[in-house]
Each structure stands twice: as structure tokens, then as C-alpha cells.
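Quick look at final-v2.csv (CSV, C-alpha atoms (C1' of nucleotides)):
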chain,number,residue,atom,x,y,z
K,27,MET,CA,-112.1,-99.2,38.9
K,28,THR,CA,-111.2,-97.7,35.6
K,29,ASN,CA,-108.5,-95.0,35.2
K,30,SER,CA,-111.0,-92.2,34.6
K,31,GLU,CA,-113.3,-92.9,37.5
K,32,ASN,CA,-111.4,-90.6,39.8
K,33,ILE,CA,-113.3,-87.4,38.9
K,34,GLN,CA,-111.3,-85.5,41.4
K,35,ASN,CA,-108.2,-85.9,39.2
K,36,LEU,CA,-110.0,-84.9,36.0
K,37,LYS,CA,-110.8,-81.4,37.2
K,38,PRO,CA,-107.3,-80.0,37.2
K,39,LEU,CA,-106.9,-81.6,33.8
K,40,GLU,CA,-110.0,-79.9,32.5
K,41,GLU,CA,-108.9,-76.6,33.9
K,42,TYR,CA,-105.5,-77.0,32.1
K,43,ALA,CA,-107.4,-77.8,28.9
K,44,GLN,CA,-109.4,-74.6,29.4
K,45,PHE,CA,-106.2,-72.7,29.8
K,46,HIS,CA,-105.1,-73.9,26.3
K,47,LYS,CA,-108.6,-73.1,25.0
K,48,ALA,CA,-108.1,-69.5,26.1
K,49,LEU,CA,-105.0,-69.4,23.9
K,50,ALA,CA,-106.8,-71.2,21.0
K,51,GLU,CA,-108.3,-68.1,19.4
K,52,PRO,CA,-106.3,-65.6,17.2
K,53,VAL,CA,-107.9,-62.6,18.8
K,54,ARG,CA,-107.0,-63.6,22.4
K,55,LEU,CA,-103.4,-64.4,21.3
K,56,ARG,CA,-103.1,-61.0,19.8
K,57,ILE,CA,-104.5,-59.4,22.9
K,58,LEU,CA,-101.9,-61.3,25.0
K,59,GLY,CA,-99.2,-60.4,22.5
K,60,LEU,CA,-99.9,-56.7,23.2
K,61,LEU,CA,-100.2,-57.2,27.0
K,62,SER,CA,-96.9,-58.9,27.1
K,63,ILE,CA,-95.1,-55.7,26.1
K,64,GLU,CA,-97.4,-53.1,27.7
K,65,GLU,CA,-98.0,-53.0,31.4
K,66,SER,CA,-101.6,-52.1,30.9
K,67,LEU,CA,-104.0,-51.2,28.1
K,68,CYS,CA,-107.6,-50.2,27.8
K,69,VAL,CA,-110.3,-51.6,25.7
K,70,CYS,CA,-110.3,-48.9,23.0
K,71,GLU,CA,-106.6,-49.5,22.4
K,72,PHE,CA,-107.4,-53.1,21.6
K,73,MET,CA,-110.3,-52.1,19.4
K,74,ASP,CA,-108.1,-49.9,17.3
K,75,VAL,CA,-105.2,-52.3,16.9
K,76,LEU,CA,-107.3,-55.4,16.3
K,77,ASP,CA,-110.0,-53.6,14.3
K,78,LEU,CA,-112.8,-55.3,16.4
K,79,SER,CA,-116.0,-54.1,18.1
K,80,GLN,CA,-115.9,-53.0,21.7
K,81,SER,CA,-118.1,-55.9,22.8
K,82,THR,CA,-115.9,-58.4,21.1
K,83,VAL,CA,-112.8,-57.1,22.8
K,84,SER,CA,-114.5,-56.8,26.1
K,85,ARG,CA,-115.8,-60.4,26.0
K,86,HIS,CA,-112.3,-61.8,25.1
K,87,LEU,CA,-110.7,-59.9,27.9
K,88,ALA,CA,-113.4,-61.3,30.3
K,89,TYR,CA,-112.6,-64.7,29.0
K,90,LEU,CA,-108.9,-64.3,29.7
K,91,LYS,CA,-109.6,-62.9,33.2
K,92,ASN,CA,-112.0,-65.8,33.9
K,93,GLN,CA,-109.2,-68.2,33.1
K,94,GLY,CA,-106.9,-66.3,35.5
K,95,ILE,CA,-104.5,-65.4,32.6
K,96,VAL,CA,-105.0,-61.6,33.0
K,97,VAL,CA,-105.8,-59.4,35.9
K,98,SER,CA,-107.7,-56.2,35.7
K,99,TRP,CA,-108.3,-53.1,37.7
K,100,ARG,CA,-110.4,-50.0,37.2
K,101,GLU,CA,-109.1,-46.4,37.4
K,102,GLY,CA,-112.0,-44.1,37.1
K,103,THR,CA,-113.9,-45.2,34.0
K,104,TRP,CA,-110.8,-46.8,32.5
K,105,MET,CA,-110.1,-50.6,32.9
K,106,HIS,CA,-106.5,-51.8,32.9
K,107,TYR,CA,-105.4,-55.3,32.0
K,108,ALA,CA,-102.1,-57.1,32.6
K,109,VAL,CA,-100.8,-60.7,32.3
K,110,ASP,CA,-101.2,-62.5,35.6
K,111,LYS,CA,-97.8,-63.8,36.8
K,112,ASN,CA,-99.5,-65.9,39.5
K,113,HIS,CA,-101.2,-68.3,37.1
K,114,PRO,CA,-100.2,-72.0,37.9
K,115,ALA,CA,-99.2,-72.5,34.3
K,116,PHE,CA,-97.4,-69.2,33.9
K,117,ASP,CA,-94.2,-71.0,32.6
K,118,VAL,CA,-96.3,-72.5,29.8
K,119,LEU,CA,-97.9,-69.1,29.1
K,120,GLN,CA,-94.5,-67.4,29.0
K,121,THR,CA,-93.1,-69.9,26.6
K,122,SER,CA,-96.2,-69.6,24.5
K,123,LEU,CA,-95.9,-65.8,24.4
K,124,SER,CA,-92.2,-66.0,23.5
K,125,PHE,CA,-93.1,-68.0,20.4
K,126,LEU,CA,-96.0,-65.7,19.7
K,127,SER,CA,-93.7,-62.6,19.8
K,128,GLU,CA,-91.8,-64.0,16.8
K,129,LEU,CA,-94.9,-64.1,14.6
K,130,GLU,CA,-95.2,-61.3,12.1
K,131,GLN,CA,-98.8,-60.5,13.0
K,132,SER,CA,-97.7,-60.0,16.6
K,133,LYS,CA,-95.0,-57.6,15.5
K,134,GLU,CA,-97.5,-55.8,13.3
K,135,ASP,CA,-99.9,-55.4,16.2
K,136,ARG,CA,-97.2,-54.0,18.4
K,137,SER,CA,-96.3,-51.5,15.7
K,138,GLY,CA,-99.9,-50.5,15.5
K,139,LEU,CA,-99.9,-49.9,19.3
K,140,LYS,CA,-96.9,-47.6,19.1
K,141,GLY,CA,-98.6,-45.7,16.3
K,142,PHE,CA,-101.6,-45.4,18.5
K,143,GLU,CA,-99.7,-44.0,21.4
K,144,SER,CA,-97.9,-41.4,19.2
K,145,ILE,CA,-101.3,-39.9,18.2
K,146,THR,CA,-102.9,-39.7,21.6
K,147,LYS,CA,-102.4,-40.9,25.1
K,148,GLN,CA,-106.2,-40.9,25.7
K,149,CYS,CA,-108.9,-42.9,24.1
K,150,HIS,CA,-110.3,-41.1,21.1
K,151,PRO,CA,-114.1,-40.6,20.9
K,152,LYS,CA,-116.2,-43.2,19.3
K,153,THR,CA,-117.4,-42.4,15.8
Y,31,MET,CA,-104.4,-49.8,5.8
Y,32,THR,CA,-105.5,-51.3,9.1
Y,33,ASN,CA,-103.4,-53.6,11.1
Y,34,SER,CA,-105.3,-56.8,10.3
Y,35,GLU,CA,-105.4,-56.2,6.5
Y,36,ASN,CA,-102.3,-58.2,6.0
Y,37,ILE,CA,-103.9,-61.6,5.7
Y,38,GLN,CA,-100.5,-63.2,5.0
Y,39,ASN,CA,-99.5,-62.4,8.6
Y,40,LEU,CA,-102.7,-63.8,10.0
Y,41,LYS,CA,-102.2,-67.3,8.7
Y,42,PRO,CA,-99.2,-68.3,11.0
Y,43,LEU,CA,-101.2,-66.8,13.9
Y,44,GLU,CA,-104.2,-68.9,13.1
Y,45,GLU,CA,-102.0,-72.0,12.8
Y,46,TYR,CA,-100.6,-71.2,16.2
Y,47,ALA,CA,-104.1,-70.8,17.6
Y,48,GLN,CA,-105.0,-74.2,16.1
Y,49,PHE,CA,-101.9,-75.6,17.9
Y,50,HIS,CA,-103.3,-74.5,21.2
Y,51,LYS,CA,-106.8,-75.7,20.2
Y,52,ALA,CA,-105.3,-79.2,19.7
Y,53,LEU,CA,-104.2,-79.0,23.4
Y,54,ALA,CA,-107.5,-77.6,24.5
Y,55,GLU,CA,-109.2,-81.0,25.0
Y,56,PRO,CA,-108.7,-83.2,28.1
Y,57,VAL,CA,-108.6,-86.3,25.9
Y,58,ARG,CA,-105.9,-85.1,23.7
Y,59,LEU,CA,-103.9,-83.9,26.7
Y,60,ARG,CA,-104.1,-87.3,28.2
Y,61,ILE,CA,-103.0,-88.9,24.9
Y,62,LEU,CA,-100.0,-86.6,24.7
Y,63,GLY,CA,-99.2,-87.3,28.4
Y,64,LEU,CA,-98.9,-91.0,27.6
Y,65,LEU,CA,-96.9,-90.3,24.4
Y,66,SER,CA,-94.4,-88.2,26.2
Y,67,ILE,CA,-93.2,-91.2,28.2
Y,68,GLU,CA,-93.8,-94.0,25.7
Y,69,GLU,CA,-91.9,-94.0,22.4
Y,70,SER,CA,-95.0,-95.4,20.7
Y,71,LEU,CA,-98.4,-96.7,21.5
Y,72,CYS,CA,-101.3,-98.2,19.6
Y,73,VAL,CA,-104.9,-97.3,19.5
Y,74,CYS,CA,-106.2,-100.0,21.8
Y,75,GLU,CA,-103.7,-99.1,24.5
Y,76,PHE,CA,-105.3,-95.6,24.5
Y,77,MET,CA,-108.7,-97.1,24.5
Y,78,ASP,CA,-108.0,-99.0,27.6
Y,79,VAL,CA,-106.3,-96.3,29.6
Y,80,LEU,CA,-108.7,-93.6,28.6
Y,81,ASP,CA,-111.8,-95.7,28.6
Y,82,LEU,CA,-113.0,-94.3,25.3
Y,83,SER,CA,-114.3,-95.9,22.0
Y,84,GLN,CA,-111.9,-96.8,19.2
Y,85,SER,CA,-113.3,-94.2,16.9
Y,86,THR,CA,-113.0,-91.4,19.5
Y,87,VAL,CA,-109.3,-92.3,20.1
Y,88,SER,CA,-108.6,-92.6,16.4
Y,89,ARG,CA,-110.1,-89.3,15.6
Y,90,HIS,CA,-108.2,-87.4,18.3
Y,91,LEU,CA,-104.9,-89.0,17.1
Y,92,ALA,CA,-105.8,-87.9,13.6
Y,93,TYR,CA,-106.4,-84.4,14.9
Y,94,LEU,CA,-103.0,-84.3,16.6
Y,95,LYS,CA,-101.3,-85.6,13.5
Y,96,ASN,CA,-103.1,-83.0,11.4
Y,97,GLN,CA,-101.7,-80.3,13.6
Y,98,GLY,CA,-98.2,-81.8,13.2
Y,99,ILE,CA,-98.0,-82.5,16.9
Y,100,VAL,CA,-97.6,-86.3,16.5
Y,101,VAL,CA,-96.2,-88.5,13.8
Y,102,SER,CA,-97.4,-92.0,13.0
Y,103,TRP,CA,-96.3,-95.0,11.1
Y,104,ARG,CA,-97.7,-98.4,10.4
Y,105,GLU,CA,-96.1,-101.8,11.3
Y,106,GLY,CA,-98.3,-104.5,9.8
Y,107,THR,CA,-101.8,-103.8,11.1
Y,108,TRP,CA,-100.5,-101.7,14.1
Y,109,MET,CA,-100.2,-98.0,14.0
Y,110,HIS,CA,-97.6,-96.3,16.1
Y,111,TYR,CA,-97.7,-92.7,17.3
Y,112,ALA,CA,-95.0,-90.4,18.8
Y,113,VAL,CA,-94.6,-86.8,19.6
Y,114,ASP,CA,-93.1,-84.9,16.7
Y,115,LYS,CA,-90.0,-83.1,17.8
Y,116,ASN,CA,-89.9,-81.1,14.5
Y,117,HIS,CA,-93.0,-79.0,15.3
Y,118,PRO,CA,-92.2,-75.3,15.1
Y,119,ALA,CA,-93.7,-74.8,18.5
Y,120,PHE,CA,-92.0,-77.8,20.1
Y,121,ASP,CA,-90.6,-75.7,22.9
Y,122,VAL,CA,-94.1,-74.6,23.9
Y,123,LEU,CA,-95.3,-78.2,23.6
Y,124,GLN,CA,-92.5,-79.5,25.8
Y,125,THR,CA,-93.2,-76.9,28.5
Y,126,SER,CA,-96.9,-77.7,28.3
Y,127,LEU,CA,-96.2,-81.4,28.7
Y,128,SER,CA,-93.9,-80.8,31.6
Y,129,PHE,CA,-96.7,-79.0,33.4
Y,130,LEU,CA,-99.1,-81.7,32.4
Y,131,SER,CA,-96.9,-84.5,33.8
Y,132,GLU,CA,-97.4,-83.0,37.3
Y,133,LEU,CA,-101.2,-83.4,37.1
Y,134,GLU,CA,-102.5,-86.3,39.1
Y,135,GLN,CA,-104.7,-87.5,36.2
Y,136,SER,CA,-101.6,-87.8,34.0
Y,137,LYS,CA,-99.8,-89.8,36.6
Y,138,GLU,CA,-102.9,-92.0,37.0
Y,139,ASP,CA,-103.0,-92.5,33.2
Y,140,ARG,CA,-99.3,-93.6,33.2
Y,141,SER,CA,-100.0,-96.0,36.0
Y,142,GLY,CA,-102.8,-97.5,33.9
Y,143,LEU,CA,-100.4,-97.9,31.0
Y,144,LYS,CA,-97.9,-99.8,33.1
Y,145,GLY,CA,-100.6,-102.1,34.4
Y,146,PHE,CA,-101.6,-102.7,30.8
Y,147,GLU,CA,-98.1,-103.7,29.7
Y,148,SER,CA,-97.7,-106.1,32.5
Y,149,ILE,CA,-100.8,-108.1,31.4
Y,150,THR,CA,-99.9,-108.4,27.8
Y,151,LYS,CA,-97.7,-106.9,25.2
Y,152,GLN,CA,-100.3,-107.4,22.4
Y,153,CYS,CA,-103.7,-105.8,22.0
Y,154,HIS,CA,-106.4,-107.9,23.6
Y,155,PRO,CA,-109.3,-108.9,21.3
Y,156,LYS,CA,-112.4,-106.7,21.3
Y,157,THR,CA,-115.3,-107.9,23.5
G,240,DA,C1',-129.5,-35.0,38.9
G,241,DT,C1',-128.2,-35.4,34.3
G,242,DA,C1',-125.2,-36.1,30.4
G,243,DG,C1',-121.0,-38.1,28.5
G,244,DT,C1',-117.7,-41.7,28.3
G,245,DA,C1',-115.9,-46.3,29.1
G,246,DT,C1',-117.0,-51.0,29.9
G,247,DA,C1',-120.0,-55.2,30.7
G,248,DT,C1',-123.6,-58.2,29.3
G,249,DC,C1',-127.4,-59.9,26.5
G,250,DC,C1',-129.3,-61.5,22.2
G,251,DG,C1',-129.8,-63.9,17.9
G,252,DC,C1',-127.2,-66.1,14.5
G,253,DA,C1',-123.8,-68.9,12.5
G,254,DT,C1',-120.0,-72.0,12.9
G,255,DT,C1',-117.2,-75.4,15.1
G,256,DA,C1',-116.3,-79.6,17.6
G,257,DA,C1',-116.9,-83.9,20.7
G,258,DC,C1',-119.3,-88.2,21.1
G,259,DA,C1',-120.2,-93.5,19.9
G,260,DG,C1',-122.1,-96.6,16.7
G,261,DA,C1',-121.8,-98.1,12.0
G,262,DT,C1',-119.2,-98.9,8.2
G,263,DA,C1',-115.2,-98.6,5.1
G,264,DT,C1',-110.3,-99.6,4.4
G,265,DA,C1',-105.8,-101.9,5.1
G,266,DA,C1',-102.7,-105.7,6.4
G,267,DG,C1',-101.6,-110.4,7.8
G,268,DC,C1',-102.6,-115.3,8.0
G,269,DA,C1',-104.6,-119.8,6.8
M,155,DT,C1',-109.3,-115.9,-1.7
M,156,DG,C1',-111.6,-115.3,2.5
M,157,DC,C1',-111.4,-114.4,7.3
M,158,DT,C1',-109.5,-111.8,11.3
M,159,DT,C1',-107.7,-107.9,13.4
M,160,DA,C1',-106.5,-103.1,13.5
M,161,DT,C1',-107.5,-98.5,12.1
M,162,DA,C1',-109.9,-94.7,9.5
M,163,DT,C1',-114.0,-92.4,8.2
M,164,DC,C1',-118.9,-91.3,8.1
M,165,DT,C1',-123.2,-90.0,10.4
M,166,DG,C1',-126.5,-87.8,13.4
M,167,DT,C1',-126.8,-85.6,17.7
M,168,DT,C1',-125.6,-82.4,21.1
M,169,DA,C1',-123.0,-78.8,23.1
M,170,DA,C1',-119.8,-75.1,22.8
M,171,DT,C1',-118.2,-70.7,21.0
M,172,DG,C1',-117.3,-66.3,18.2
M,173,DC,C1',-119.5,-62.3,16.1
M,174,DG,C1',-121.5,-57.3,16.3
M,175,DG,C1',-125.4,-54.6,17.6
M,176,DA,C1',-128.2,-53.3,21.3
M,177,DT,C1',-128.6,-52.4,25.9
M,178,DA,C1',-127.2,-52.2,30.8
M,179,DT,C1',-123.9,-50.6,34.3
M,180,DA,C1',-120.2,-47.7,36.4
M,181,DC,C1',-117.6,-43.5,36.8
M,182,DT,C1',-116.8,-38.5,36.1
M,183,DA,C1',-117.9,-33.8,35.0
M,184,DT,C1',-121.2,-30.1,35.0
With the file now loaded, output its structure as C-alpha cells.
Amino acid sequence: MTNSENIQNLKPLEEYAQFHKALAEPVRLRILGLLSIEESLCVCEFMDVLDLSQSTVSRHLAYLKNQGIVVSWREGTWMHYAVDKNHPAFDVLQTSLSFLSELEQSKEDRSGLKGFESITKQCHPKT
Amino acid sequence: MTNSENIQNLKPLEEYAQFHKALAEPVRLRILGLLSIEESLCVCEFMDVLDLSQSTVSRHLAYLKNQGIVVSWREGTWMHYAVDKNHPAFDVLQTSLSFLSELEQSKEDRSGLKGFESITKQCHPKT
DNA sequence: ATAGTATATCCGCATTAACAGATATAAGCA
DNA sequence: TGCTTATATCTGTTAATGCGGATATACTAT
């Protein structure tokens, strides 16, 4: 029996690969960079800071939620997202986000978030 | 000026995303799992343990080398590979490999490596 | 019930990436 | 020099994935 015949052992490995795949996109890294300093954010905050369409942001957030990296909850019409501390590989995620926080782009994003908050606490209308 | 207009800041972020992309494939994770316990291995050892073709193993090793995650050197006809401790995100890699080492598949791969060594110290001929 | 706002999902398009076989290249030995 | 062995690269195929616009769904206010 070859080493890879035990399909049962492959599944956790593939899930772990998917975990890294979730972090393998600049957009999702930037989202996580923002979520690591803010308890919760809504989709339009991401839209503004990242300069991306609503559907793009929504899909990436769904991706991260599907991988169990973020949790979400709805308050009225607003969705809130936060990093999930119960993820099996949370230590890896934490180390990854520490490294991410030192990147200039991540600092720039966070500055953009602060600027956002100073203008309004609510989402601005779409234009 | 929007937050993402500073292309100079995006490059390190994209490189970091590529780093995670290198870890986002089960085959490459298994390769790194083996390299984290063996100083150096050659292509046919990977072929045997992973049950993959020579070209597939060679390409994945090239991918990891391109990302600066492994280093390689040639001794005669044999190539040797090792994890690169000088990678900027080595801490992240180390944490990732620690988590990986707890997965059953990784343990199984390492057992397969030991079995390989006990049979022969040299690569067996292709059949 | 309807309109407004926020979010989720679908669609078509374009790009990326993994696979093994075939082939090219490099090093060592007779 | 030619053969053997090890490794790198190319090729065609298949599958996966990101994008924004359009549209569907959910919640709130009137």
C-alpha cells in the first residue's frame, strides 16, 4: 500500500492547503489586515478602503467565512465580520497576520480605515 | 488619491500572497513536511513517498525555490533541497510547518521516508 | 405593501495552475 | 566520446479562480 492510499489522512491536509489558499490573495490579506485591528467591519467599509466592487468584497468575505477564518453576524441590514479565534490553525493565522501588519500596504489600509471613520460612522450612500 | 494607488506598497503584499500560494497545494505541503525533518532529499525520494511523477515533483520543487522557501544545490548528478531559513516570512513558515507536522498525512509521509532509507541509501533505477 | 439600503449570488469572461508524458539538459563513468 | 542517470522544461489538457455588472434576497422605515 503506497503512502497516499490512505485518503482519510489526505482530507485534513487538503483542508490545511485550502486554509493557505484563502490567504493566497492580496485582497483577502488586506481584508484580514483590517479585521485584525477592528472588532467588526461592514462591506462598504471594505469597499472604500480597498477600492473594490461590493460583489468582489462580498465574495471574498464569503470565501474567508467558508474556510472558517472569519465569523459573521447580522445586525439589521448590516453584516459584521471578525477573525475566528476558534480556527484549528489560528496560531498560524496569528503569525501570518503579525507579519502582514508590518507591510506598508497593510499600514496604508488601516490609515484609510481611520480616515473613513472620522468622516462618518455609517455607510455612505452608493453613488 | 485612493488607498491602493501606491503600487509600490502592493508589491510586498503580492509577494506575501504568493508565499501563501506556495503553501496552498497539498503536494507542496507534503514536500515541505519532509524537508522539515530531513536536511536534504533528492527528487526520487519525493517521487516514492508522494507517489508522483518526476516532472511533477521537480516542478513543485522549482516553485518552492522560486518563492525563496527552499534552497537547492547540486552534488554530482544529485540535487539537494532544504528549507531556506533566510526567508523574510520564515517565522510564518515555521509556525505553518509545526501545525503541518501534527497532521496524520505528514506523519505517514515521514514513515514512508524512513522505510525508504532502510532499503537503500541511493536512488533506485527507474522502472 | 412598498421603497430604500445592505448584502448575497449568478453570469460571462479572462487568467492561472496542476497533471504526466515527452524531451532537453547536466554530470559522471567506462 | 558515448552511455547512463538525475533533473529541468515543454506541451496539451483540464480544472480552478478572480473580476465587475446584473440580479436576487433580507431587513428597515414609511
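Reported to one decimal place, the separation of atom CA of Y:Gly98 from atom CA of Y:Pro42 is 13.7 Å.
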Just need chain K moved onto chain Y: least-squares over all Cα atoms matched in order, then output as a compact mmCIF listing (two decimals) with C-alpha atoms, in the frame of the given file.
# COMPACT_ATOMS: atom_id res chain seq x y z
CA MET K 27 -104.46 -49.77 5.88
CA THR K 28 -105.56 -51.29 9.11
CA ASN K 29 -103.34 -53.63 11.18
CA SER K 30 -105.30 -56.76 10.26
CA GLU K 31 -105.43 -56.23 6.54
CA ASN K 32 -102.25 -58.16 5.96
CA ILE K 33 -103.87 -61.62 5.66
CA GLN K 34 -100.54 -63.13 4.98
CA ASN K 35 -99.50 -62.43 8.59
CA LEU K 36 -102.72 -63.80 10.08
CA LYS K 37 -102.16 -67.31 8.79
CA PRO K 38 -99.24 -68.25 10.98
CA LEU K 39 -101.19 -66.76 13.85
CA GLU K 40 -104.19 -68.90 13.07
CA GLU K 41 -102.05 -71.97 12.77
CA TYR K 42 -100.53 -71.21 16.25
CA ALA K 43 -104.06 -70.81 17.60
CA GLN K 44 -104.91 -74.22 16.13
CA PHE K 45 -101.92 -75.67 17.83
CA HIS K 46 -103.33 -74.49 21.23
CA LYS K 47 -106.76 -75.79 20.17
CA ALA K 48 -105.24 -79.25 19.76
CA LEU K 49 -104.13 -79.04 23.39
CA ALA K 50 -107.53 -77.62 24.52
CA GLU K 51 -109.27 -80.96 25.02
CA PRO K 52 -108.72 -83.27 28.08
CA VAL K 53 -108.61 -86.38 25.97
CA ARG K 54 -105.85 -85.11 23.62
CA LEU K 55 -103.80 -83.90 26.64
CA ARG K 56 -104.03 -87.30 28.16
CA ILE K 57 -103.04 -88.93 24.92
CA LEU K 58 -99.98 -86.62 24.75
CA GLY K 59 -99.26 -87.27 28.41
CA LEU K 60 -98.90 -90.99 27.59
CA LEU K 61 -96.90 -90.37 24.37
CA SER K 62 -94.47 -88.25 26.22
CA ILE K 63 -93.25 -91.23 28.25
CA GLU K 64 -93.74 -94.04 25.69
CA GLU K 65 -91.96 -94.05 22.40
CA SER K 66 -94.97 -95.43 20.65
CA LEU K 67 -98.43 -96.75 21.45
CA CYS K 68 -101.31 -98.22 19.55
CA VAL K 69 -104.88 -97.28 19.52
CA CYS K 70 -106.17 -100.08 21.78
CA GLU K 71 -103.71 -99.03 24.48
CA PHE K 72 -105.29 -95.60 24.47
CA MET K 73 -108.77 -97.07 24.50
CA ASP K 74 -108.03 -99.05 27.60
CA VAL K 75 -106.31 -96.32 29.57
CA LEU K 76 -108.72 -93.55 28.64
CA ASP K 77 -111.82 -95.77 28.66
CA LEU K 78 -112.96 -94.35 25.22
CA SER K 79 -114.29 -95.88 21.99
CA GLN K 80 -111.88 -96.80 19.24
CA SER K 81 -113.32 -94.16 16.90
CA THR K 82 -112.95 -91.47 19.48
CA VAL K 83 -109.31 -92.28 20.07
CA SER K 84 -108.61 -92.65 16.43
CA ARG K 85 -110.15 -89.26 15.56
CA HIS K 86 -108.14 -87.46 18.34
CA LEU K 87 -104.94 -89.01 17.17
CA ALA K 88 -105.78 -87.87 13.57
CA TYR K 89 -106.38 -84.45 14.94
CA LEU K 90 -103.00 -84.34 16.64
CA LYS K 91 -101.25 -85.66 13.50
CA ASN K 92 -103.08 -83.07 11.36
CA GLN K 93 -101.68 -80.36 13.59
CA GLY K 94 -98.18 -81.84 13.16
CA ILE K 95 -97.94 -82.55 16.96
CA VAL K 96 -97.59 -86.36 16.51
CA VAL K 97 -96.18 -88.52 13.81
CA SER K 98 -97.37 -91.94 12.96
CA TRP K 99 -96.23 -95.00 11.14
CA ARG K 100 -97.78 -98.37 10.40
CA GLU K 101 -96.17 -101.75 11.19
CA GLY K 102 -98.33 -104.42 9.77
CA THR K 103 -101.84 -103.72 11.03
CA TRP K 104 -100.52 -101.80 14.03
CA MET K 105 -100.23 -97.92 13.97
CA HIS K 106 -97.56 -96.27 16.10
CA TYR K 107 -97.70 -92.70 17.33
CA ALA K 108 -94.98 -90.46 18.78
CA VAL K 109 -94.61 -86.74 19.65
CA ASP K 110 -93.15 -84.86 16.71
CA LYS K 111 -89.93 -83.08 17.76
CA ASN K 112 -89.89 -81.10 14.50
CA HIS K 113 -92.99 -79.05 15.27
CA PRO K 114 -92.21 -75.22 15.08
CA ALA K 115 -93.67 -74.76 18.52
CA PHE K 116 -92.07 -77.81 20.07
CA ASP K 117 -90.58 -75.67 22.97
CA VAL K 118 -94.13 -74.58 23.85
CA LEU K 119 -95.36 -78.19 23.58
CA GLN K 120 -92.54 -79.44 25.80
CA THR K 121 -93.22 -76.89 28.44
CA SER K 122 -96.89 -77.68 28.24
CA LEU K 123 -96.22 -81.41 28.67
CA SER K 124 -93.89 -80.77 31.62
CA PHE K 125 -96.73 -79.05 33.45
CA LEU K 126 -99.13 -81.73 32.34
CA SER K 127 -96.87 -84.50 33.80
CA GLU K 128 -97.38 -83.00 37.27
CA LEU K 129 -101.16 -83.40 37.13
CA GLU K 130 -102.55 -86.32 39.05
CA GLN K 131 -104.72 -87.54 36.19
CA SER K 132 -101.61 -87.73 34.02
CA LYS K 133 -99.85 -89.81 36.64
CA GLU K 134 -102.91 -92.02 36.95
CA ASP K 135 -102.98 -92.59 33.20
CA ARG K 136 -99.35 -93.53 33.16
CA SER K 137 -99.95 -96.01 35.96
CA GLY K 138 -102.77 -97.48 33.97
CA LEU K 139 -100.39 -97.90 30.98
CA LYS K 140 -97.86 -99.80 33.06
CA GLY K 141 -100.64 -102.03 34.34
CA PHE K 142 -101.62 -102.62 30.78
CA GLU K 143 -98.19 -103.63 29.70
CA SER K 144 -97.77 -106.07 32.65
CA ILE K 145 -100.85 -108.04 31.44
CA THR K 146 -100.02 -108.29 27.78
CA LYS K 147 -97.66 -106.88 25.26
CA GLN K 148 -100.28 -107.35 22.47
CA CYS K 149 -103.62 -105.79 22.02
CA HIS K 150 -106.31 -107.89 23.63
CA PRO K 151 -109.35 -108.88 21.50
CA LYS K 152 -112.30 -106.65 21.39
CA THR K 153 -115.26 -107.75 23.47
Could you please select, counting only C-alpha atoms (C1' of nucleotides), the residues of chain K within 7 Å of chain M and state them as an MDAnalysis selection string? chainID K and resid 79 102:103
Could you list, as a PDB file with C-alpha atoms, in the frame of the given file, every residue of chain K that has an atom within 8 Å of an atom of chain G, counting all atoms listed in the file?
ATOM      1  CA  VAL K  69    -110.300 -51.600  25.700  1.00  0.00           C
ATOM      2  CA  SER K  84    -114.500 -56.800  26.100  1.00  0.00           C
ATOM      3  CA  THR K 103    -113.900 -45.200  34.000  1.00  0.00           C
ATOM      4  CA  TRP K 104    -110.800 -46.800  32.500  1.00  0.00           C
ATOM      5  CA  MET K 105    -110.100 -50.600  32.900  1.00  0.00           C
TER       6      MET K 105
END
Within 10 Å of chain K: residues of chain Y, using all atoms listed in the file, as a ChimeraX atom specification
/Y:32-60,78-82,118-130,133-143
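Distance-wise, atom CA of K:Gln80 and atom CA of K:Gln93 end up 20.1 Å apart.
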Using Å and a single decimal, report how far atom CA of Y:Leu71 sits from atom CA of Y:Asn96.
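Atom-to-atom, atom CA of Y:Asn96 to atom CA of Y:Leu71, that is 17.7 Å.
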